[in-house]
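Scroll down for the structure; my scribbles are underneath it.
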Amino acid sequence: MNRALTRKNKDRLDRTIGQNIRAEREMRKMSREELAEALDLTVSHMGLMERGERGATALTLEKLAYVFDLKIDSLFAEPDKKSLSVKEGGDEALANRKKIASLLTRLNEKETEFVVHVISGMISLHLTRDLSTHEGYKK
């Protein structure tokens, strides 16, 4: 792999991790100062990491996983561009989607399948009830 491509991949990864750190922090209603203190970093360093301008060390990633109570690999996950582009419901809806995604990262495969099954059933039931209130709906 050439040097430019390696640098490009590192920059992309730093931005992804930074976006995930900021999203997790905001979802938990933590200030940048509070998180920096928990990680034993300066607020300035924390801002650079959240913007993807500075990479997180392995030790910082370990501390983040502990503070956020999640698996380290969830900090590397590409943000779901589809959910980020959803406008309906504004910031609160987006925060709820991120909260659900964060909770799912803590489950094993079998637990995740169960939760997806339950949510799918709930959505189907909700859609059926919504449709039944409209005139002309035939069950």
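Identifiers in the structure tokens: chain A, B, ... in order shown; residue index from 1 per chain; ligand index from 1 in order shown.
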Can you list every residue in range 32-85 of chain A that DSSP puts in alpha helix (DSSP H), as number ranges by chain?
A: 32-39, 43-50, 58-68, 81-85
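Non-sequential neighbours of Ala23 in chain A (distance at most 12 Å, separation of 6 or more positions within a chain, only C-alpha atoms) are Thr16, Ile17, Lys29, Met30, Ser31, Arg32, Glu50, Arg51, Phe68, Ser74, Leu75, Pro79, Asp80, Leu84, Asp91, Leu94, Ala95, Asn96, Arg97, Lys98, Lys99, Ala101 and Ser102 of chain A.
Going from CA of Phe76 in chain A to CA of Ala56 in chain A covers 11.1 Å.
The spacing separating CA of Glu33 in chain A from CA of Gln19 in chain A amounts to 16.7 Å.
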Nearest to Leu41 in chain A: which of A:Asn20, A:Asn108, A:Asn9, A:Thr60 is it, counting only C-alpha atoms?
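That would be A:Thr60, the residue with the smallest distance to Leu41 in chain A.
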Non-local contacts of Leu61 in chain A (10 Å; only C-alpha atoms; under 4 positions in same chain excluded) as a list in words:
Ile17, Ile21, Leu39, Gly55, Ala56, Thr57, Ala65, Tyr66, Val67, Lys71, Ile72, Asp73, Leu75 and Phe76 of chain A
I need the chosen residues saved as a compact mmCIF listing (two decimals), in the first residue's frame, with N, CA, C and O atoms.
# COMPACT_ATOMS: atom_id res chain seq x y z
N ILE A 17 -13.78 7.70 14.04
CA ILE A 17 -13.69 7.54 15.49
C ILE A 17 -14.11 8.84 16.17
O ILE A 17 -14.88 8.83 17.14
N ILE A 21 -17.10 9.33 18.82
CA ILE A 21 -16.86 9.85 20.17
C ILE A 21 -17.82 10.99 20.46
O ILE A 21 -18.48 11.03 21.50
N LEU A 39 -10.98 11.09 30.74
CA LEU A 39 -9.93 10.42 29.95
C LEU A 39 -8.54 10.93 30.28
O LEU A 39 -7.56 10.47 29.72
N GLY A 55 -5.51 11.43 16.11
CA GLY A 55 -5.96 10.07 16.37
C GLY A 55 -5.95 9.74 17.85
O GLY A 55 -5.22 10.36 18.64
N ALA A 56 -6.76 8.79 18.23
CA ALA A 56 -6.82 8.34 19.61
C ALA A 56 -5.82 7.20 19.80
O ALA A 56 -5.68 6.34 18.93
N THR A 57 -5.12 7.21 20.92
CA THR A 57 -4.20 6.12 21.22
C THR A 57 -5.00 4.89 21.66
O THR A 57 -6.19 4.99 21.99
N ALA A 65 -14.04 3.24 25.79
CA ALA A 65 -14.94 2.08 25.86
C ALA A 65 -15.43 1.88 27.29
O ALA A 65 -16.61 1.57 27.51
N TYR A 66 -14.56 2.10 28.26
CA TYR A 66 -14.94 1.95 29.67
C TYR A 66 -15.93 3.05 30.07
O TYR A 66 -16.98 2.78 30.65
N VAL A 67 -15.60 4.30 29.76
CA VAL A 67 -16.45 5.44 30.13
C VAL A 67 -17.83 5.32 29.48
O VAL A 67 -18.85 5.57 30.12
N LYS A 71 -18.21 -1.70 23.54
CA LYS A 71 -17.07 -2.41 22.98
C LYS A 71 -16.23 -1.45 22.16
O LYS A 71 -16.76 -0.58 21.46
N ILE A 72 -14.91 -1.60 22.24
CA ILE A 72 -14.01 -0.71 21.51
C ILE A 72 -14.34 -0.68 20.02
O ILE A 72 -14.33 0.38 19.40
N ASP A 73 -14.67 -1.84 19.44
CA ASP A 73 -14.90 -1.88 17.99
C ASP A 73 -16.06 -1.00 17.54
O ASP A 73 -16.11 -0.56 16.40
N LEU A 75 -16.47 2.00 18.26
CA LEU A 75 -15.92 3.32 17.98
C LEU A 75 -15.36 3.40 16.55
O LEU A 75 -15.17 4.48 16.01
N PHE A 76 -15.11 2.24 15.94
CA PHE A 76 -14.56 2.19 14.59
C PHE A 76 -15.64 2.09 13.52
O PHE A 76 -15.36 2.18 12.34
Among listed residues A:Met27, A:Leu59, A:Ala4, A:Leu13, nearest Ile100 in chain A (using only C-alpha atoms):
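Smallest separation from Ile100 in chain A among the options: A:Met27.
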Tell me, in Å to one decimal, how far CA of Arg25 in chain A is from CA of Arg12 in chain A.
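Pair CA of Arg25 in chain A / CA of Arg12 in chain A returns 19.9 Å.
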For Ala36 in chain A, the nearest of the candidates A:Lys8, A:Arg106, A:Lys63, A:His117, counting only C-alpha atoms:
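Once distances to Ala36 in chain A are computed over only C-alpha atoms, the minimum belongs to A:Lys63.
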